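A.B. asks: Next up is a structure, given as structure tokens.
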There are 2 protein chains.
Amino acid sequence: MIKALGYAAKHSFSRLRPFEFERQEAGPNEIEIEVQYCGVCHSDIHQVKNEWSNTVYPCVPGHEVVGRVTKAGSGVTRHVVGDLVGVGCMIESCRHCEPCHSGDQNYCEGPNSWLATYNGPMVPAKMAPDGRNMYERDNTFGGYSDTLVVNEDFALKIPAKLKPEVAAPILCAGVTTYSPMKHWGVKAGDKVGVIGFGGLGDMAAKLARAMGAEVTVFTRTKEKLEEAARLGVTGVLDSDADAMRSLKSSFDFMLSTIPEKHDLSPFIDLLKRDRTIVVVGALEPMAPVNNQQVAFHRKSVAGSLIGNLADTQEVLDFCAEHGIGPDIQVIAIQDINDAYRKVEKGDVRFRYVIDMATLRHEEAA
Amino acid sequence: MIKALGYAAKHSFSRLRPFEFERQEAGPNEIEIEVQYCGVCHSDIHQVKNEWSNTVYPCVPGHEVVGRVTKAGSGVTRHVVGDLVGVGCMIESCRHCEPCHSGDQNYCEGPNSWLATYNGPMVPAKMAPDGRNMYERDNTFGGYSDTLVVNEDFALKIPAKLKPEVAAPILCAGVTTYSPMKHWGVKAGDKVGVIGFGGLGDMAAKLARAMGAEVTVFTRTKEKLEEAARLGVTGVLDSDADAMRSLKSSFDFMLSTIPEKHDLSPFIDLLKRDRTIVVVGALEPMAPVNNQQVAFHRKSVAGSLIGNLADTQEVLDFCAEHGIGPDIQVIAIQDINDAYRKVEKGDVRFRYVIDMATLRHEEAA
């Protein structure tokens, strides 16, 4: 066993604090990673606070992980010691279901679905058809820690052109927005609307723009309009009724990145006929949708969950090639509880990324 | 002007009663039709009762109209006097917008959208961008009448193999279910779920089966299970939790025909990954959908509105070719208020079709 140090929540109401635990040594097809950076995702907060009613405690969050390979099992062929690798939301899947065979591990239909980087299997034993847990782990500990051990297939290559701290959020925020744009065929010249302008919205806007789309971001925060202008995209206050009216039936694709229940109706109106609005931010019951609005132009309201391994590698490479990445602010792990409060207020457009060296420093203290 | 007789509601709370009115004579590109049969659609009731808050009174419903051409304008080339023709939900569209150019008149984006067979333009002047009404008619009077005058392009050919009274409901119930199945690519071998087993559900089940799909109908009414068996399709009570569980993630396509607000969640669970549930029955705010359910398998919730003229002709021909059609019960116009009550109770699986000869008979009396 490896002695590991991380930051964990013990209960839904507790702050994150230092937490010592053990990880299994790397098996033949696994690698051990020294974590350098870990992004802070809104999901981390949902999970820590048990807002999806499925949190296993203690909870060590973190699924935007970048680090160096420090050990490679005997059967490992994809990576060598010293490689800079990334780990996103998944560390294993059943590998036998139709989605896994199609390379869509993020839609794994195995009895326990995929194994999340933290908080264990997506379908825990008590919800599994046969009451079993094929991964034999109820809980997993994420990237708010000094080390990670994962199967080599679930570690991505970090392109040399990307700074490791910038690459981290691409592993979740990047692929979560890239994957649906790819799936629904966003292409050069398309008019793309991005709803919500936080960590996901920032990545969505940059990716869509790099794909050649004409991008509009919708925000409730006046200050973010300047950020949009700085990015070279159009910013619209969703409270601006005139602007909203003038954009009616003009978008080829819309992506909602708002991380909580919200009303899609004002945005459905902005879609062209036969087009789709995809919700990636909120994983909960949404406000009711009026089918008259949807049916009268044969529109679709869809959802999408992160992205598969191939998409994750693709978006890392795409960002490196186009010189784009999230706007980040690097913080020490000791500032994590404060960062959570700011993210919850929703006024943070950049992504917080934890410099995990600060954890080791504290440990030594 | 032509003297016409129909059945109309004067207010949202009044019963349908005989109503004398005038129609314009057929213009150069129009035909005059002697109405033989008119189907009773749940929309007729919604409209008569002003449940969509847009009814123009007096309201003469009826958009499943079959009759003989009695007069043809000088420029008419598609039909000749004596032809048996059908008229569905639309009698005109703007003919200039992108959907009209694509042949999707039912998604017309002209300033007043399409002109409905009854109740006038879909977008009335007061809701139109420039406050105008390109059709210069605020109200239109539907098929619960002895005559109809329409542009020849909006009249379909009734195939000789179809009885006129059977053809009538195909003009709305038929195309409303056929069009989305065609659009979303239902094909032989697909597993198709039909939710609700009234007039639309009956047509959806028969059409899907004729397309070679494996069909399951979902109903809340035990008695309808026998009807399903008689049709050669599987019937499931949506209250049967075991049956519902056993069907999880197994459908390629689902069509909801329930004509009022309902919860889609139990049915979203039954879709395979990446598949779509289309709502055609309810044109109103739906129960909230949980995006976790949708996003975890990249599903879509879509809507669809009737179908275009080409689809309408296609479904008439398809029904003739496959020897299918709605289960109907022919009634006299004098029984219409009673029929409405029964349809509203939701226990009617067949489609009521009014024999319009009974109207003329009454008039003579």
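The way I read the labels, and the way they are meant: chains A, B, ... in the order of the structure tokens, residue 1 as the first residue of every chain, and ligand 1 as the first ligand shown, with later ones counted on from there.
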Kindly provide, as a PyMOL selection string, the residues of chain A having any atom no farther than 9 Å from an atom of chain B, counting only C-alpha atoms.

C.D. replies: chain A and resi 99+106-109+180+273+276+278-280+282-305

A.B. asks: Keeping C-alpha atoms for every residue in the selection just given, could you write it to a file as an mmCIF file, in the first residue's frame?

C.D. replies:
data_model
loop_
_atom_site.group_PDB
_atom_site.id
_atom_site.type_symbol
_atom_site.label_atom_id
_atom_site.label_comp_id
_atom_site.auth_asym_id
_atom_site.auth_seq_id
_atom_site.Cartn_x
_atom_site.Cartn_y
_atom_site.Cartn_z
ATOM 1 C CA PRO A 99 -21.024 1.750 -25.152
ATOM 2 C CA ASN A 106 -18.649 7.645 -20.139
ATOM 3 C CA TYR A 107 -21.952 5.974 -21.036
ATOM 4 C CA CYS A 108 -20.902 2.546 -19.685
ATOM 5 C CA GLU A 109 -23.952 0.347 -19.135
ATOM 6 C CA PRO A 180 -21.502 17.471 -27.348
ATOM 7 C CA ARG A 273 -35.852 24.819 -36.500
ATOM 8 C CA THR A 276 -30.799 21.013 -30.315
ATOM 9 C CA VAL A 278 -27.807 20.412 -24.825
ATOM 10 C CA VAL A 279 -27.664 20.693 -21.050
ATOM 11 C CA VAL A 280 -24.331 19.723 -19.511
ATOM 12 C CA ALA A 282 -27.161 20.809 -14.344
ATOM 13 C CA LEU A 283 -27.668 17.188 -13.359
ATOM 14 C CA GLU A 284 -31.030 17.528 -11.674
ATOM 15 C CA PRO A 285 -34.703 18.107 -12.494
ATOM 16 C CA MET A 286 -34.965 21.160 -14.738
ATOM 17 C CA ALA A 287 -37.707 23.771 -14.868
ATOM 18 C CA PRO A 288 -40.667 22.493 -16.934
ATOM 19 C CA VAL A 289 -40.253 22.830 -20.691
ATOM 20 C CA ASN A 290 -43.241 23.891 -22.772
ATOM 21 C CA ASN A 291 -43.684 21.319 -25.524
ATOM 22 C CA GLN A 292 -45.491 23.874 -27.667
ATOM 23 C CA GLN A 293 -42.217 25.795 -27.920
ATOM 24 C CA VAL A 294 -40.309 22.618 -28.736
ATOM 25 C CA ALA A 295 -42.777 20.916 -31.092
ATOM 26 C CA PHE A 296 -43.635 23.991 -33.157
ATOM 27 C CA HIS A 297 -40.129 23.945 -34.647
ATOM 28 C CA ARG A 298 -39.262 20.263 -34.055
ATOM 29 C CA LYS A 299 -36.515 21.167 -31.593
ATOM 30 C CA SER A 300 -34.752 18.845 -29.160
ATOM 31 C CA VAL A 301 -33.632 19.233 -25.563
ATOM 32 C CA ALA A 302 -30.764 16.865 -24.872
ATOM 33 C CA GLY A 303 -28.199 16.110 -22.228
ATOM 34 C CA SER A 304 -24.593 14.997 -22.399
ATOM 35 C CA LEU A 305 -22.204 13.719 -19.764
#

A.B. asks: Would you return as an MDAnalysis selection string the members of range 56-172 of chain B that DSSP assigns to strand (DSSP E or B) on this structure's backbone?

C.D. replies: chainID B and resid 59 65:72 84:87 90:92 115:116 121 145 147:151 156:157

A.B. asks: Write out the residues from the selection above, keeping C-alpha atoms, as a PDB file, in the first residue's frame.

C.D. replies:
ATOM      1  CA  CYS B  59     -65.124  28.235 -33.548  1.00  0.00           C
ATOM      2  CA  VAL B  65     -61.625  16.475 -43.647  1.00  0.00           C
ATOM      3  CA  VAL B  66     -62.495  14.211 -46.576  1.00  0.00           C
ATOM      4  CA  GLY B  67     -64.833  15.212 -49.378  1.00  0.00           C
ATOM      5  CA  ARG B  68     -65.495  15.480 -53.110  1.00  0.00           C
ATOM      6  CA  VAL B  69     -64.282  18.330 -55.263  1.00  0.00           C
ATOM      7  CA  THR B  70     -67.387  20.163 -56.491  1.00  0.00           C
ATOM      8  CA  LYS B  71     -65.690  23.132 -58.148  1.00  0.00           C
ATOM      9  CA  ALA B  72     -62.149  23.833 -59.343  1.00  0.00           C
ATOM     10  CA  LEU B  84     -61.989  12.520 -53.430  1.00  0.00           C
ATOM     11  CA  VAL B  85     -59.593  14.765 -51.498  1.00  0.00           C
ATOM     12  CA  GLY B  86     -58.460  15.316 -47.951  1.00  0.00           C
ATOM     13  CA  VAL B  87     -57.573  18.430 -45.987  1.00  0.00           C
ATOM     14  CA  MET B  90     -53.237  23.516 -42.771  1.00  0.00           C
ATOM     15  CA  ILE B  91     -54.860  25.346 -45.674  1.00  0.00           C
ATOM     16  CA  GLU B  92     -52.042  27.776 -46.532  1.00  0.00           C
ATOM     17  CA  LEU B 115     -52.988  29.220 -41.813  1.00  0.00           C
ATOM     18  CA  ALA B 116     -54.825  26.595 -39.823  1.00  0.00           C
ATOM     19  CA  PRO B 121     -53.282  31.879 -38.674  1.00  0.00           C
ATOM     20  CA  SER B 145     -69.341  21.948 -42.027  1.00  0.00           C
ATOM     21  CA  THR B 147     -68.229  22.748 -47.570  1.00  0.00           C
ATOM     22  CA  LEU B 148     -64.602  23.800 -47.541  1.00  0.00           C
ATOM     23  CA  VAL B 149     -62.676  26.031 -49.968  1.00  0.00           C
ATOM     24  CA  VAL B 150     -58.905  25.559 -50.073  1.00  0.00           C
ATOM     25  CA  ASN B 151     -55.881  26.178 -52.250  1.00  0.00           C
ATOM     26  CA  LEU B 156     -54.327  15.587 -50.648  1.00  0.00           C
ATOM     27  CA  LYS B 157     -55.371  12.682 -52.865  1.00  0.00           C
TER      28      LYS B 157
END

A.B. asks: Using only C-alpha atoms, which of A:Glu223, A:Thr358, A:Asp338, A:Pro111 sits nearest Asp130 in chain A?

C.D. replies: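 Among A:Glu223, A:Thr358, A:Asp338, A:Pro111, it is A:Pro111 that comes nearest to Asp130 in chain A.
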
A.B. asks: Excluding Val353 in chain A and any residue of its chain fewer than 3 positions from it, enumerate the residues within 10 Å of it, using only C-alpha atoms, and give them as a VMD selection string.

C.D. replies: chain A and resid 37 to 41 64 to 65 165 to 169 327 to 333 336 339 350 356

A.B. asks: With only C-alpha atoms as the atoms that count, which of B:Glu32, B:Asp269, B:Asp190, B:Asp242 lies nearest to His79 in chain B?

C.D. replies: B:Glu32

A.B. asks: Give the helix (DSSP H, G or I) residues of range 47-251 of chain B, as DSSP finds them on the backbone, and put them as a PyMOL selection string.

C.D. replies: chain B and resi 47-48+98-101+105-107+125-127+152-154+164-183+199-210+224-231+241-246

A.B. asks: If you count only C-alpha atoms, which residues fall within 12 Å of Lys342 in chain A, apart from same-chain ones fewer than 3 positions away, as a list of chain:residue names?

C.D. replies: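 In the requested format, the answer is A:Val40, A:His42, A:Ile45, A:Gly198, A:Asp335, A:Ile336, A:Asn337, A:Asp338, A:Ala339, A:Lys345, A:Gly346, A:Asp347, A:Val348, A:Arg349, A:Phe350, A:Arg351, A:Tyr352.
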
A.B. asks: Find the residue from A:Asn308, A:Leu359, A:Met211, A:Arg230 that sits nearest to Ser93 in chain A; use only C-alpha atoms when measuring.

C.D. replies: A:Asn308

A.B. asks: I'd like the neighbourhood of range 214-222 of chain B as a ChimeraX atom specification, where a residue qualifies if any of its atoms comes within 9 Å (using only C-alpha atoms), though same-chain residues fewer than 2 positions away should be ignored.

C.D. replies: /B:188-197,201-202,205-206,208-209,212,224-226,228,232-239,347

A.B. asks: For the residues selected in the previous step, produce a file with C-alpha atoms as a short mmCIF file (atom, residue, chain, number, x, y, z; two decimals), in the first residue's frame.

C.D. replies:
data_model
loop_
_atom_site.label_atom_id
_atom_site.label_comp_id
_atom_site.auth_asym_id
_atom_site.auth_seq_id
_atom_site.Cartn_x
_atom_site.Cartn_y
_atom_site.Cartn_z
CA ALA B 188 -37.60 -2.49 -39.53
CA GLY B 189 -36.37 -4.25 -36.41
CA ASP B 190 -36.44 -1.15 -34.22
CA LYS B 191 -38.13 -1.35 -30.87
CA VAL B 192 -40.70 1.43 -30.75
CA GLY B 193 -42.66 2.52 -27.68
CA VAL B 194 -45.99 4.30 -28.07
CA ILE B 195 -47.18 6.13 -24.98
CA GLY B 196 -50.91 6.62 -24.74
CA PHE B 197 -53.31 4.49 -26.73
CA GLY B 201 -51.52 5.95 -30.21
CA ASP B 202 -53.64 3.62 -32.32
CA ALA B 205 -48.79 1.54 -33.23
CA LYS B 206 -50.20 0.45 -36.59
CA ALA B 208 -44.73 1.49 -36.63
CA ARG B 209 -45.76 -2.14 -36.97
CA GLY B 212 -41.46 -3.52 -39.42
CA LYS B 224 -56.70 -1.42 -23.66
CA LEU B 225 -54.24 -4.29 -23.20
CA GLU B 226 -56.66 -6.52 -25.07
CA ALA B 228 -53.10 -4.05 -28.11
CA GLY B 232 -50.55 -7.74 -32.57
CA VAL B 233 -48.47 -5.43 -30.42
CA THR B 234 -47.31 -5.67 -26.81
CA GLY B 235 -49.35 -3.77 -24.26
CA VAL B 236 -47.89 -2.60 -20.95
CA LEU B 237 -49.62 -0.85 -18.07
CA ASP B 238 -47.39 2.07 -17.18
CA SER B 239 -48.29 1.44 -13.54
CA ASP B 347 -61.31 5.90 -22.50
#

A.B. asks: Which value, in Å to one decimal, gives the distance between CA of Ser265 in chain A and CA of Asn54 in chain A?

C.D. replies: 29.4 Å

A.B. asks: Write out as a short mmCIF file (atom, residue, chain, number, x, y, z; two decimals) with C-alpha atoms, in the first residue's frame the residues lying within 10 Å of His11 in chain A, counting only C-alpha atoms and excluding same-chain residues fewer than 3 positions away.

C.D. replies:
data_model
loop_
_atom_site.label_atom_id
_atom_site.label_comp_id
_atom_site.auth_asym_id
_atom_site.auth_seq_id
_atom_site.Cartn_x
_atom_site.Cartn_y
_atom_site.Cartn_z
CA ALA A 8 -11.29 15.36 2.34
CA SER A 14 -17.82 19.79 6.94
CA ARG A 15 -15.04 21.79 5.37
CA LEU A 16 -12.26 20.05 3.46
CA VAL A 48 -18.83 17.24 -1.12
CA LYS A 49 -22.17 18.68 -0.01
CA ASN A 50 -24.04 15.52 -0.99
CA THR A 55 -21.78 10.89 -1.61
CA VAL A 56 -19.61 8.32 0.11
CA TYR A 57 -17.55 9.86 2.93
CA PRO A 58 -14.77 10.64 3.45
CA CYS A 59 -14.83 12.43 0.12
#

A.B. asks: I'd like the neighbourhood of Ala204 in chain A as JSON, numbers by chain, where a residue qualifies if any of its atoms comes within 9 Å (using only C-alpha atoms), though same-chain residues fewer than 6 positions away should be ignored.

C.D. replies: {"A": [173, 174, 176, 177, 178, 181, 194, 197, 255, 257]}

A.B. asks: Which of these residues is nearest to Asp153 in chain B, using only C-alpha atoms: B:Gly103, B:Gly307, B:Gly325, B:Pro18?

C.D. replies: B:Gly103
